[in-house]
Amino acid sequence: MRPLLKFSEWQLALPLGLAFVALFLAPLMLLVGVSFFDDEKLTQPGVASWAKYYGDPFTYKVIADTLLLGVKTVCTTVLIGYPLALVYLDLPARWQRVLLFIIVMPLLLSVVVRTFAWIVVLGREGLVNQLLLSLGVISEPLRLLQTELGLVISLTQIEMPLMLLPLISVMSRLDPNLRDASAALGASRWRTLFTVIVPLSMPGLVAGCLLVFASSTTAFISQTVIGGVRLIYLPLVIWQQALIVFHWPQAAVASLSLVVSVLSVIAALSWLGRRSTGYVHG
Amino acid sequence: MQQQRQSSTVATARPAGRTLDVEDVTVRYGLALAVDGVSLSIEPGEVVALLGPSGCGKTTLLRVVAGFVRQAAGRVRVDGAPIDHLPANRRNVGIVFQNYALFPHMTVAENVAYGLRARGMKSADIEARVARFLGIVQLEGFRERLPRQLSGGQQQRVALARALAVEPSILLLDEPFAALDRNLRLDMQIEVKRLQRVLGLTTILVTHDQDEAMSVADRIAVMNQGRVEQFDTPLTIYDRPNTLFVNGFIGTTNLLGGHIAALADGHATVTLDAGATLQVAAPAGLASGAPVLLSVRPEQLTLSAEGGPQRWPIEPGLSLPLGSQLVHEARTSDGVFLKIVEPRRPVPPPTGRSYCALAPDARPSLFPRPT
Amino acid sequence: MTSLRSPTRRSLLAGTAALGGASLLPRVAFAKGSLIATTYPGTWEDAYRTVVMPALKKKDDIDLELAPLFAMDQVGKAKAARGAPPFDVFVLDPGPRIVALEGGLFEKFDGKKLTNLGKIPPSLVDDAGVCVGAQVVGIAYNPKKVPAPKGWKDLLVEPWVSRLGLTGFQTTFGTSSLIELSKQFGGSLTNVEPALAELKKVLPKVAAVGLPAAMPGLFQQGQCDVMYTNTQTVATLRGKGIDIAFVKPESGAIAFFTTMHIAKGTAELANAYKYLDLVVSKEIQEALTKPPYNFLPINKDAVLPPDLPMKSLDEMTGYVQHDWAKINPLRASWIEKFNKEMAK
């Protein structure tokens with residue numbers, strides 16, 4: 001009986017496995033295949049697309065800018081999100097629900113709405129500039145749209161739920177007695193934070209960083225609409241090659257570059273995450 | 001109920017112990033009163049158990065002493081000096097939680113060293129202190145283990161070592177034995193009591209387990225609905241419960257309804273509804289003719305075959321052997337179910353014993369009957 | 001054969017439309033015929049769904065299914081389908097039209113099958129397809145903020161340059177505008193270097209460089225007050241109460257035409273002609289000029305809306321037109337160059 005049971009357990013995972021192969025692995029293989037053509041009509045196999053892409057020094061600047069954008073967004077979401085998660089934990093249940101709703105709200109809005117809302121906020125005649133002008137802090141409108149600063153500000157808000165949700169989920173599973181135990185042993189709040197809470201919330205922090213990094217490096221609409229097209233990141237290049245120039249091999253090369261560079265950062269992060277998870281569970 | 005401070009010779013006998021005074025402490029959670037004007041005076045080196053059902057305020061009171069909860073009114077003093085203004089990390093109390101709250105990402109040694117590091121102790125001194133306390137709890141070989149690699153009892157000893165290593169002025173135990181299985185619990189109770197004696201630490205033990213309170217504590221504060229119903233030695237509480245609540249919460253008891261027929265110098269003649277007239281010690285405040293409840297422990301009742309004025313008829317029920325004892329069930333004529341315990345003898349008890357009476361050494365308690 | 005193939009491509013299209021977020025109306029079981037036509041997402045889709053779809057049902061009892069796809073998506077899907085097109089009719093701009101033409105994706109078009117043939121300027125029908133709409137491209141500005149610019153050169157000097165919103169070669173109107181700009185500095189249809197060089201000089205002053213789709217929003221929010229765009233965008237923004245006016249540059253406005261084509265291998269040839277005949281009819285062309293659609297008509301009988309730079313269709317066909325057969329091969333390198341020159 002036992003082997004039969006094993007077999008049926010294995011079968012249970014089969015639909016998921018097939019879906020994974022069909023929806024994820026196959027397109028990825030297709031992408032790899034397409035990248036090894038020299039011409040846009042996909043008739044000449046070759047490595048010319050790769051050679052052209054990586055022979056251009058501009059490519060490296062775009063890849064570096066893309067990854068750097070991810071790093072900057074991760075930093076700001078951590079700096080704002082972590083204290084927010086701590087505040088959340090200390091709130092009474094009713095206010096926790098209110099705060100959670102506010103946190104999740106960006107996820108409930110369409111990305112286009114979120115992005116255009118930021119144009120209204122950051123624009124030359126937007127909220128920020130009007131406020132600063134009326135307060136007399138500045139005499140000329142600040143340029144916030146079409147700058148990396150503006151882009152990072154808006155991505156911070158847009159990606160915040162992806163940082164906060166895993167963080168809050170891990171942190172609210174922490175034994176509240178740990179904080180009391182630490183305090184009773186004479187530790188200050190800061191010592192408790194850095195020696196107990198931060199290490200134990202690492203899995204949530206790493207998961208949040210991972211999601212924010214992957215999401216912000218690929219946020220085509222926010223990057224192009226808020227950042228403009230003078231800030232060039234990989235998604236813009238892919239879009240141009242795939243849907244404007246229609247050079248699929250070039251688009252495939254750029255896509256694979258994005259996948260590989262983002263995944264390698266993510267792999268490093270999740271390795272860190274696995275190490276810290278070991279302490280808490282298992 | 002404020003207790004008069006005993007002679008200070010006890011304090012000098014245990015140099016490490018501090019006095020702990022809780023004065024009129026009140027805690028509110030929203031509109032609810034979690035702790036309602038509680039006062040306790042705890043002697044140096046004394047173990048006091050806060051005993052009561054869940055929600056009675058005992059854990060809240062403990063958290064006030066630890067500094068985790070701020071009281072709405074009242075004061076906490078250690079050796080006479082108020083500590084209310086101090087945050088939890090400046091109070092120098094040791095606390096052991098029900099779930100131990102060990103830091104899961106730190107080794108046993110790091111857990112024990114945690115409080116010492118927080119105090120900025122030199123690492124050589126920390127090393128020595130950790131070794132000493134791991135020795136005290138007999139976990140020398142487990143220094144580098146993580147908490148999840150330890151059994152429940154071992155984890156508890158780590159928690160104890162961690163709390164004791166900072167040499168706290170007060171030790172607080174929050175249901176520390178509740179998660180342990182029965183045998184281990186007894187061992188740990190003895191061990192904690194031993195350590196507490198050796199170190200002479202003033203200790204508060206929060207528990208809902210009356211046996212634990214009886215065996216570990218020097219005095220017990222029985223709490224109910226945010227108030228202390230009685231604060232006394234275990235034996236006094238067992239034998240002379242102040243209130244019906246304490247009477248019911250501590251040990252097993254039988255309650256018999258009746259009226260006071262006569263009163264004379266602290267003694268009452270009680271006519272039981274079950275059909276007997278008894279002479280018992282009466283508390284103050286009862287009037288002649290008042291309805292009362294007579295509380296008698298099961299071991300203070302006896303069975304016999306013949307009736308009499310001080311015996312009342314019963315209808316015998318099941319008899320169950322329980323270890324060294326025999327437990328009888330019986331029903332009185334007014335419908336009260338009684339439990340009667342007698343030592344088990346080699347020969348089976350005689351049958352046909354259809355009368356019940358107080359044992360010769362019985363010390364029943366008398367309470368006004370609630371309306 | 002047809003009945004066997006039909007469900008496959010219908011389901012394929014349904015999937016495509018679902019991915020595009022469009023809801024497909026349930027098919028009526030007993031309609032006389034059916035047709036799948038592409039449309040551009042956005043205004044085109046709204047207009048065709050609201051105006052053309054019910055009209056076709058009423059006139060010919062044909063159920064029209066609209067597949068919202070950008071021009072190059074249509075070309076890509078038709079190419080990938082290899083002779084079994086997932087739709088019956090294309091709608092394309094000049095650039096993609098050439099690509100599709102070179103790919104042999106169209107049925108040969110016979111204008112004589114249109115009853116409305118006589119109402120369309122002869123230059124707007126050929127053996128590949130028929131024009132169904134026009135775009136006139138020039139300069140738009142906010143008259144409350146800046147004076148009216150006279151020509152393309154004005155865009156690069158104050159007071160306009162610091163309020164200028166730029167787009168690159170992604171769109172037909174963007175490409176055309178940059179070519180015209182280049183011509184002012186000695187460039188030509190196939191040489192946009194002068195435009196890029198001049199732009200680079202003033203780049204730090206330029207108010208915004210964005211995606212074409214983002215430009216109306218940026219203009220609306222006052223991020224930029226001058227941009228090159230088409231009359232349709234100007235009319236749409238004006239309809240929202242935004243201060244915007246259209247200027248025909250001194251060197252001439254640009255005109256280009258959106259065309260429809262019958263997909264090679266279609267099983268609905270007759271219905272496709274009926275659809276195209278309806279689309280170019282006076283009624284539909286005129287209905288589409290109304291707000292909020294603001295299309296430009298190609299039917300001579302259709303009344304032109306007010307506020308346009310031209311008085312008649314003939315005038316429009318005399319505007320600057322570009323040969324996309326020459327532009328297409330260069331566009332990829334222009335896009336790359338634009339990226340590099342404009343990148344921060």
# chains A, B, ... in the order shown; residues from 1 in each chain; ligands from 1
$ closest_atom_pairs --of "chain B" --to "chain A" --cutoff "9 Å" --atoms "only C-alpha atoms" --output "JSON lines"
{"residue": "B:Ala66", "atom": "CA", "partner": "A:Ala184", "partner_atom": "CA", "distance": 7.0}
{"residue": "B:Gly67", "atom": "CA", "partner": "A:Ala184", "partner_atom": "CA", "distance": 8.2}
{"residue": "B:Phe68", "atom": "CA", "partner": "A:Asp180", "partner_atom": "CA", "distance": 6.9}
{"residue": "B:Pro87", "atom": "CA", "partner": "A:Ala183", "partner_atom": "CA", "distance": 8.4}
{"residue": "B:Ala88", "atom": "CA", "partner": "A:Ala184", "partner_atom": "CA", "distance": 5.5}
{"residue": "B:Asn89", "atom": "CA", "partner": "A:Gly186", "partner_atom": "CA", "distance": 4.0}
{"residue": "B:Arg90", "atom": "CA", "partner": "A:Gly186", "partner_atom": "CA", "distance": 6.0}
{"residue": "B:Arg91", "atom": "CA", "partner": "A:Ala184", "partner_atom": "CA", "distance": 7.4}
{"residue": "B:Asn92", "atom": "CA", "partner": "A:Gly186", "partner_atom": "CA", "distance": 6.9}
{"residue": "B:Val93", "atom": "CA", "partner": "A:Ala184", "partner_atom": "CA", "distance": 6.2}
{"residue": "B:Gly94", "atom": "CA", "partner": "A:Ala184", "partner_atom": "CA", "distance": 6.4}
{"residue": "B:Ile95", "atom": "CA", "partner": "A:Ala184", "partner_atom": "CA", "distance": 6.9}
{"residue": "B:Val96", "atom": "CA", "partner": "A:Ala181", "partner_atom": "CA", "distance": 8.1}
{"residue": "B:Phe97", "atom": "CA", "partner": "A:Asn177", "partner_atom": "CA", "distance": 7.5}
{"residue": "B:Asn99", "atom": "CA", "partner": "A:Asn177", "partner_atom": "CA", "distance": 8.4}
{"residue": "B:Tyr100", "atom": "CA", "partner": "A:Asn177", "partner_atom": "CA", "distance": 8.5}
{"residue": "B:Ala101", "atom": "CA", "partner": "A:Leu178", "partner_atom": "CA", "distance": 5.3}
{"residue": "B:Leu102", "atom": "CA", "partner": "A:Leu178", "partner_atom": "CA", "distance": 7.1}
{"residue": "B:Phe103", "atom": "CA", "partner": "A:Leu178", "partner_atom": "CA", "distance": 6.8}
{"residue": "B:Pro104", "atom": "CA", "partner": "A:Val280", "partner_atom": "CA", "distance": 6.1}
{"residue": "B:His105", "atom": "CA", "partner": "A:Tyr279", "partner_atom": "CA", "distance": 4.8}
{"residue": "B:Met106", "atom": "CA", "partner": "A:Tyr279", "partner_atom": "CA", "distance": 8.1}
{"residue": "B:Tyr114", "atom": "CA", "partner": "A:Leu185", "partner_atom": "CA", "distance": 7.2}
{"residue": "B:Gly115", "atom": "CA", "partner": "A:Leu185", "partner_atom": "CA", "distance": 4.5}
{"residue": "B:Leu116", "atom": "CA", "partner": "A:Leu185", "partner_atom": "CA", "distance": 8.0}
{"residue": "B:Arg117", "atom": "CA", "partner": "A:Ala187", "partner_atom": "CA", "distance": 8.6}
{"residue": "B:Ala118", "atom": "CA", "partner": "A:Ala187", "partner_atom": "CA", "distance": 5.1}
{"residue": "B:Arg119", "atom": "CA", "partner": "A:Gly186", "partner_atom": "CA", "distance": 6.6}
{"residue": "B:Leu146", "atom": "CA", "partner": "A:Tyr279", "partner_atom": "CA", "distance": 8.3}
{"residue": "B:Arg148", "atom": "CA", "partner": "A:Gly282", "partner_atom": "CA", "distance": 8.3}
{"residue": "B:Arg162", "atom": "CA", "partner": "A:Leu185", "partner_atom": "CA", "distance": 8.2}
{"residue": "B:Ala163", "atom": "CA", "partner": "A:Leu185", "partner_atom": "CA", "distance": 7.1}
{"residue": "B:Val166", "atom": "CA", "partner": "A:Leu185", "partner_atom": "CA", "distance": 7.2}
{"residue": "B:Pro168", "atom": "CA", "partner": "A:Leu185", "partner_atom": "CA", "distance": 8.9}
$ residues_around --residues "B:Asp181" --least-positions-apart "6" --cutoff "12 Å" --atoms "only C-alpha atoms" --output "VMD selection string"
chain B and resid 151 to 153 187 to 189
$ select_by_dssp --residues "stretch 40-116 of chain C" --states "helix (DSSP H, G or I)" --output "NGL selection string"
:C and (43-60 or 71-81 or 94-102 or 111-113)
$ residues_around --residues "A:Trp239" --least-positions-apart "6" --cutoff "10 Å" --atoms "only C-alpha atoms" --output "list in words"
Phe220, Val245, Phe246, Ala251, Ala254 and Ser255 of chain A; Gln170 of chain C
$ write_last_selection --atoms "N, CA and C atoms" --output "tab-separated table (two decimals), in the first residue's frame"
chain	number	residue	atom	x	y	z
A	220	PHE	N	8.45	48.80	-14.87
A	220	PHE	CA	8.56	49.54	-16.13
A	220	PHE	C	7.74	50.83	-16.13
A	245	VAL	N	11.02	48.44	-31.81
A	245	VAL	CA	11.94	48.05	-32.89
A	245	VAL	C	11.59	46.66	-33.41
A	246	PHE	N	10.99	45.88	-32.54
A	246	PHE	CA	10.58	44.54	-32.90
A	246	PHE	C	11.76	43.64	-33.21
A	251	ALA	N	15.75	41.91	-27.73
A	251	ALA	CA	14.87	41.98	-26.56
A	251	ALA	C	15.12	40.79	-25.65
A	254	ALA	N	18.34	41.31	-23.73
A	254	ALA	CA	18.15	42.28	-22.66
A	254	ALA	C	17.32	41.66	-21.53
A	255	SER	N	16.29	40.89	-21.90
A	255	SER	CA	15.45	40.25	-20.88
A	255	SER	C	16.25	39.28	-20.04
C	170	GLN	N	9.74	56.25	-30.50
C	170	GLN	CA	8.87	55.10	-30.29
C	170	GLN	C	7.61	55.18	-31.12
$ residues_around --residues "C:Gly252" --least-positions-apart "5" --cutoff "9 Å" --atoms "only C-alpha atoms" --output "PyMOL selection string"
chain C and resi 138+151+319-320
$ atom_distance --atom1 "atom CA of C:Tyr275" --atom2 "atom CA of C:Leu101"
20.6 Å
$ interface_residues --of "chain C" --to "chain A" --cutoff "10 Å" --atoms "only C-alpha atoms" --output "number ranges by chain"
C: 70-73, 75-76, 79, 96, 99, 103, 166-171, 203, 207-215, 217-218, 220-224, 328-336, 338-344
$ write_last_selection --atoms "N, CA and C atoms" --output "compact mmCIF listing (two decimals), in the first residue's frame"
# COMPACT_ATOMS: atom_id res chain seq x y z
N PHE C 70 -1.51 46.80 -29.96
CA PHE C 70 -0.69 47.82 -30.62
C PHE C 70 -0.24 47.28 -31.98
N ALA C 71 0.14 48.24 -32.85
CA ALA C 71 0.44 47.89 -34.24
C ALA C 71 1.47 46.76 -34.34
N MET C 72 2.59 46.90 -33.62
CA MET C 72 3.64 45.90 -33.77
C MET C 72 3.24 44.56 -33.15
N ASP C 73 2.36 44.61 -32.16
CA ASP C 73 1.81 43.36 -31.61
C ASP C 73 1.02 42.60 -32.66
N VAL C 75 1.37 42.80 -35.88
CA VAL C 75 2.30 42.25 -36.87
C VAL C 75 2.96 40.99 -36.30
N GLY C 76 3.37 41.11 -35.05
CA GLY C 76 4.04 39.96 -34.42
C GLY C 76 3.13 38.74 -34.34
N LYS C 79 2.53 37.27 -37.80
CA LYS C 79 3.72 36.55 -38.26
C LYS C 79 3.81 35.19 -37.58
N PRO C 96 4.62 50.27 -39.12
CA PRO C 96 4.27 48.85 -39.04
C PRO C 96 3.61 48.35 -40.33
N VAL C 99 6.23 47.09 -42.50
CA VAL C 99 6.76 45.81 -42.01
C VAL C 99 5.81 44.67 -42.39
N GLY C 103 6.25 41.58 -44.97
CA GLY C 103 6.04 40.22 -44.48
C GLY C 103 4.94 39.48 -45.25
N LEU C 166 9.66 66.23 -24.39
CA LEU C 166 10.18 65.51 -25.56
C LEU C 166 9.76 64.05 -25.53
N THR C 167 9.54 63.47 -26.70
CA THR C 167 9.47 62.01 -26.78
C THR C 167 10.39 61.55 -27.90
N GLY C 168 10.71 60.30 -27.89
CA GLY C 168 11.69 59.77 -28.84
C GLY C 168 11.06 59.18 -30.08
N PHE C 169 11.71 58.15 -30.59
CA PHE C 169 11.31 57.56 -31.87
C PHE C 169 10.35 56.40 -31.71
N GLN C 170 9.74 56.25 -30.50
CA GLN C 170 8.87 55.10 -30.29
C GLN C 170 7.61 55.18 -31.12
N THR C 171 7.11 56.42 -31.33
CA THR C 171 5.83 56.54 -32.02
C THR C 171 6.03 57.15 -33.40
N LEU C 203 19.61 69.97 -23.55
CA LEU C 203 18.99 68.92 -22.73
C LEU C 203 18.79 69.30 -21.26
N ALA C 207 12.19 70.40 -20.07
CA ALA C 207 11.35 70.14 -18.90
C ALA C 207 11.13 68.64 -18.67
N ALA C 208 10.93 67.88 -19.74
CA ALA C 208 10.62 66.46 -19.55
C ALA C 208 11.00 65.67 -20.80
N VAL C 209 11.51 64.47 -20.57
CA VAL C 209 11.70 63.53 -21.67
C VAL C 209 10.96 62.27 -21.27
N GLY C 210 9.90 61.96 -21.97
CA GLY C 210 9.06 60.87 -21.47
C GLY C 210 8.58 59.91 -22.53
N LEU C 211 7.85 58.92 -22.05
CA LEU C 211 7.18 58.00 -22.97
C LEU C 211 6.02 58.74 -23.62
N PRO C 212 5.73 58.44 -24.89
CA PRO C 212 4.61 59.11 -25.56
C PRO C 212 3.33 59.02 -24.75
N ALA C 213 3.07 57.86 -24.17
CA ALA C 213 1.83 57.67 -23.43
C ALA C 213 1.76 58.56 -22.20
N ALA C 214 2.91 58.99 -21.68
CA ALA C 214 2.92 59.78 -20.45
C ALA C 214 2.79 61.27 -20.73
N MET C 215 3.00 61.68 -22.00
CA MET C 215 3.07 63.11 -22.30
C MET C 215 1.78 63.87 -21.99
N GLY C 217 -0.41 63.36 -19.76
CA GLY C 217 -0.48 63.51 -18.31
C GLY C 217 0.49 64.56 -17.81
N LEU C 218 1.70 64.56 -18.36
CA LEU C 218 2.70 65.54 -17.93
C LEU C 218 2.27 66.96 -18.32
N GLN C 220 -0.84 67.95 -18.75
CA GLN C 220 -1.99 68.25 -17.90
C GLN C 220 -1.54 68.75 -16.53
N GLN C 221 -0.47 68.14 -16.01
CA GLN C 221 0.01 68.50 -14.67
C GLN C 221 0.95 69.70 -14.70
N GLY C 222 1.14 70.30 -15.87
CA GLY C 222 2.00 71.48 -15.94
C GLY C 222 3.48 71.18 -15.87
N GLN C 223 3.84 69.89 -16.01
CA GLN C 223 5.26 69.54 -15.98
C GLN C 223 5.95 70.08 -17.24
N CYS C 224 5.21 70.08 -18.36
CA CYS C 224 5.73 70.72 -19.56
C CYS C 224 4.57 71.51 -20.19
N ASN C 328 11.89 52.92 -41.57
CA ASN C 328 11.88 51.66 -40.81
C ASN C 328 13.26 51.04 -40.58
N PRO C 329 14.09 50.90 -41.60
CA PRO C 329 15.38 50.24 -41.38
C PRO C 329 16.28 51.02 -40.43
N LEU C 330 16.03 52.34 -40.30
CA LEU C 330 16.92 53.17 -39.48
C LEU C 330 16.42 53.33 -38.05
N ARG C 331 15.16 53.00 -37.83
CA ARG C 331 14.52 53.39 -36.58
C ARG C 331 15.17 52.74 -35.36
N ALA C 332 15.55 51.47 -35.47
CA ALA C 332 16.16 50.79 -34.33
C ALA C 332 17.41 51.52 -33.88
N SER C 333 18.23 51.92 -34.84
CA SER C 333 19.47 52.59 -34.45
C SER C 333 19.17 53.99 -33.92
N TRP C 334 18.13 54.65 -34.44
CA TRP C 334 17.75 55.96 -33.90
C TRP C 334 17.31 55.84 -32.44
N ILE C 335 16.52 54.81 -32.17
CA ILE C 335 16.05 54.62 -30.79
C ILE C 335 17.23 54.42 -29.84
N GLU C 336 18.15 53.58 -30.29
CA GLU C 336 19.35 53.34 -29.47
C GLU C 336 20.13 54.63 -29.25
N PHE C 338 19.02 57.68 -29.44
CA PHE C 338 18.26 58.57 -28.57
C PHE C 338 18.51 58.20 -27.11
N ASN C 339 18.43 56.90 -26.79
CA ASN C 339 18.73 56.42 -25.44
C ASN C 339 20.07 56.96 -24.95
N LYS C 340 21.09 56.75 -25.78
CA LYS C 340 22.45 57.09 -25.34
C LYS C 340 22.64 58.59 -25.21
N GLU C 341 22.10 59.34 -26.18
CA GLU C 341 22.31 60.79 -26.17
C GLU C 341 21.54 61.44 -25.02
N MET C 342 20.36 60.89 -24.72
CA MET C 342 19.52 61.54 -23.73
C MET C 342 19.77 61.01 -22.31
N ALA C 343 20.44 59.88 -22.20
CA ALA C 343 20.59 59.24 -20.88
C ALA C 343 21.31 60.15 -19.91
N LYS C 344 20.84 60.13 -18.67
CA LYS C 344 21.51 60.91 -17.63
C LYS C 344 22.76 60.19 -17.16
$ atom_distance --atom1 "atom CA of C:Asp225" --atom2 "atom CA of C:Leu288"
27.4 Å
$ select_by_dssp --residues "stretch 15-229 of chain C" --states "strand (DSSP E or B)" --output "short mmCIF file (atom, residue, chain, number, x, y, z; two decimals) with N, CA and C atoms, in the first residue's frame"
data_model
loop_
_atom_site.label_atom_id
_atom_site.label_comp_id
_atom_site.auth_asym_id
_atom_site.auth_seq_id
_atom_site.Cartn_x
_atom_site.Cartn_y
_atom_site.Cartn_z
N GLY C 33 -23.00 36.64 -39.55
CA GLY C 33 -21.56 36.49 -39.77
C GLY C 33 -20.79 37.05 -38.61
N SER C 34 -19.50 36.83 -38.65
CA SER C 34 -18.69 37.37 -37.59
C SER C 34 -17.37 37.83 -38.17
N LEU C 35 -16.69 38.64 -37.41
CA LEU C 35 -15.44 39.22 -37.88
C LEU C 35 -14.60 39.58 -36.66
N ILE C 36 -13.28 39.35 -36.77
CA ILE C 36 -12.39 39.78 -35.70
C ILE C 36 -11.48 40.85 -36.25
N ALA C 37 -11.56 42.03 -35.67
CA ALA C 37 -10.71 43.12 -36.13
C ALA C 37 -9.88 43.63 -34.96
N THR C 38 -8.65 44.04 -35.27
CA THR C 38 -7.82 44.61 -34.21
C THR C 38 -8.19 46.07 -34.05
N THR C 39 -7.83 46.59 -32.88
CA THR C 39 -8.01 48.02 -32.63
C THR C 39 -6.92 48.42 -31.66
N ILE C 62 -23.45 41.54 -38.63
CA ILE C 62 -22.16 40.89 -38.38
C ILE C 62 -21.74 41.19 -36.95
N ASP C 63 -21.32 40.11 -36.26
CA ASP C 63 -20.81 40.31 -34.90
C ASP C 63 -19.33 40.66 -34.97
N LEU C 64 -19.05 41.87 -34.55
CA LEU C 64 -17.66 42.33 -34.58
C LEU C 64 -17.00 42.03 -33.24
N GLU C 65 -15.84 41.39 -33.33
CA GLU C 65 -15.06 41.16 -32.12
C GLU C 65 -13.81 42.02 -32.23
N LEU C 66 -13.55 42.82 -31.19
CA LEU C 66 -12.40 43.73 -31.26
C LEU C 66 -11.25 43.19 -30.43
N ALA C 67 -10.07 43.15 -31.01
CA ALA C 67 -8.88 42.69 -30.30
C ALA C 67 -7.97 43.89 -30.10
N PRO C 68 -7.91 44.44 -28.88
CA PRO C 68 -7.06 45.62 -28.68
C PRO C 68 -5.58 45.24 -28.68
N VAL C 89 -8.85 41.60 -39.69
CA VAL C 89 -8.51 42.93 -40.17
C VAL C 89 -7.47 43.57 -39.25
N PHE C 90 -6.42 44.16 -39.89
CA PHE C 90 -5.41 44.92 -39.15
C PHE C 90 -5.80 46.39 -39.11
N VAL C 91 -5.33 47.09 -38.09
CA VAL C 91 -5.30 48.55 -38.15
C VAL C 91 -3.86 48.95 -37.83
N LEU C 92 -3.24 49.72 -38.75
CA LEU C 92 -1.80 49.97 -38.61
C LEU C 92 -1.43 51.41 -38.97
N PHE C 106 -0.88 40.72 -45.90
CA PHE C 106 -2.18 41.25 -46.33
C PHE C 106 -2.73 40.49 -47.53
N VAL C 125 -6.31 55.04 -50.94
CA VAL C 125 -6.66 53.63 -51.16
C VAL C 125 -5.60 53.04 -52.08
N VAL C 130 -6.92 50.37 -47.02
CA VAL C 130 -7.58 51.65 -47.12
C VAL C 130 -7.32 52.46 -45.85
N CYS C 131 -7.16 53.79 -46.04
CA CYS C 131 -7.00 54.64 -44.86
C CYS C 131 -8.33 54.78 -44.15
N VAL C 132 -8.29 54.75 -42.84
CA VAL C 132 -9.53 54.88 -42.07
C VAL C 132 -9.48 56.08 -41.14
N GLY C 133 -8.32 56.71 -41.04
CA GLY C 133 -8.21 57.84 -40.15
C GLY C 133 -6.91 58.56 -40.46
N ALA C 134 -6.88 59.85 -40.06
CA ALA C 134 -5.67 60.63 -40.33
C ALA C 134 -5.15 61.21 -39.03
N GLN C 135 -3.87 61.50 -39.03
CA GLN C 135 -3.32 62.24 -37.90
C GLN C 135 -2.56 63.42 -38.45
N VAL C 136 -2.78 64.58 -37.85
CA VAL C 136 -2.00 65.75 -38.21
C VAL C 136 -1.15 66.10 -37.00
N VAL C 137 0.16 66.17 -37.26
CA VAL C 137 1.10 66.37 -36.16
C VAL C 137 1.72 67.75 -36.27
N GLY C 138 1.77 68.42 -35.13
CA GLY C 138 2.40 69.74 -35.08
C GLY C 138 2.82 70.03 -33.65
N ILE C 139 2.79 71.29 -33.29
CA ILE C 139 3.25 71.66 -31.95
C ILE C 139 2.05 72.09 -31.11
N ALA C 140 1.99 71.56 -29.89
CA ALA C 140 0.95 71.96 -28.95
C ALA C 140 1.61 72.76 -27.84
N TYR C 141 0.90 73.79 -27.35
CA TYR C 141 1.47 74.60 -26.27
C TYR C 141 0.35 75.10 -25.38
N LEU C 164 9.67 72.45 -22.53
CA LEU C 164 9.45 71.46 -23.59
C LEU C 164 9.36 70.04 -23.05
N GLY C 165 8.38 69.31 -23.56
CA GLY C 165 8.29 67.87 -23.25
C GLY C 165 8.64 67.08 -24.51
N LEU C 166 9.66 66.23 -24.39
CA LEU C 166 10.18 65.51 -25.56
C LEU C 166 9.76 64.05 -25.53
N SER C 188 17.79 65.29 -42.78
CA SER C 188 16.85 64.86 -43.82
C SER C 188 16.02 63.71 -43.28
N ASN C 191 18.37 61.33 -41.94
CA ASN C 191 19.46 61.82 -41.10
C ASN C 191 18.89 62.66 -39.96
N ALA C 208 10.93 67.88 -19.74
CA ALA C 208 10.62 66.46 -19.55
C ALA C 208 11.00 65.67 -20.80
N VAL C 209 11.51 64.47 -20.57
CA VAL C 209 11.70 63.53 -21.67
C VAL C 209 10.96 62.27 -21.27
N VAL C 226 4.97 72.74 -23.66
CA VAL C 226 5.10 72.64 -25.11
C VAL C 226 5.45 71.20 -25.45
N MET C 227 4.84 70.67 -26.52
CA MET C 227 5.23 69.33 -26.97
C MET C 227 4.79 69.15 -28.41
N TYR C 228 5.40 68.19 -29.09
CA TYR C 228 4.87 67.88 -30.41
C TYR C 228 3.88 66.72 -30.25
N THR C 229 2.74 66.87 -30.92
CA THR C 229 1.71 65.84 -30.77
C THR C 229 0.69 65.99 -31.89
#
$ residues_around --residues "B:Val69" --least-positions-apart "3" --cutoff "12 Å" --atoms "only C-alpha atoms" --output "PyMOL selection string"
(chain A and resi 180) or (chain B and resi 25-29+34-35+57+59-66+72-73+84-88)
$ residues_around --residues "B:Ser169" --least-positions-apart "5" --cutoff "10 Å" --atoms "only C-alpha atoms" --output "PyMOL selection string"
chain B and resi 16-20+44-45+78-79+91-94+164+200-203
$ atom_distance --atom1 "atom CA of C:Glu315" --atom2 "atom CA of C:Val146"
28.2 Å
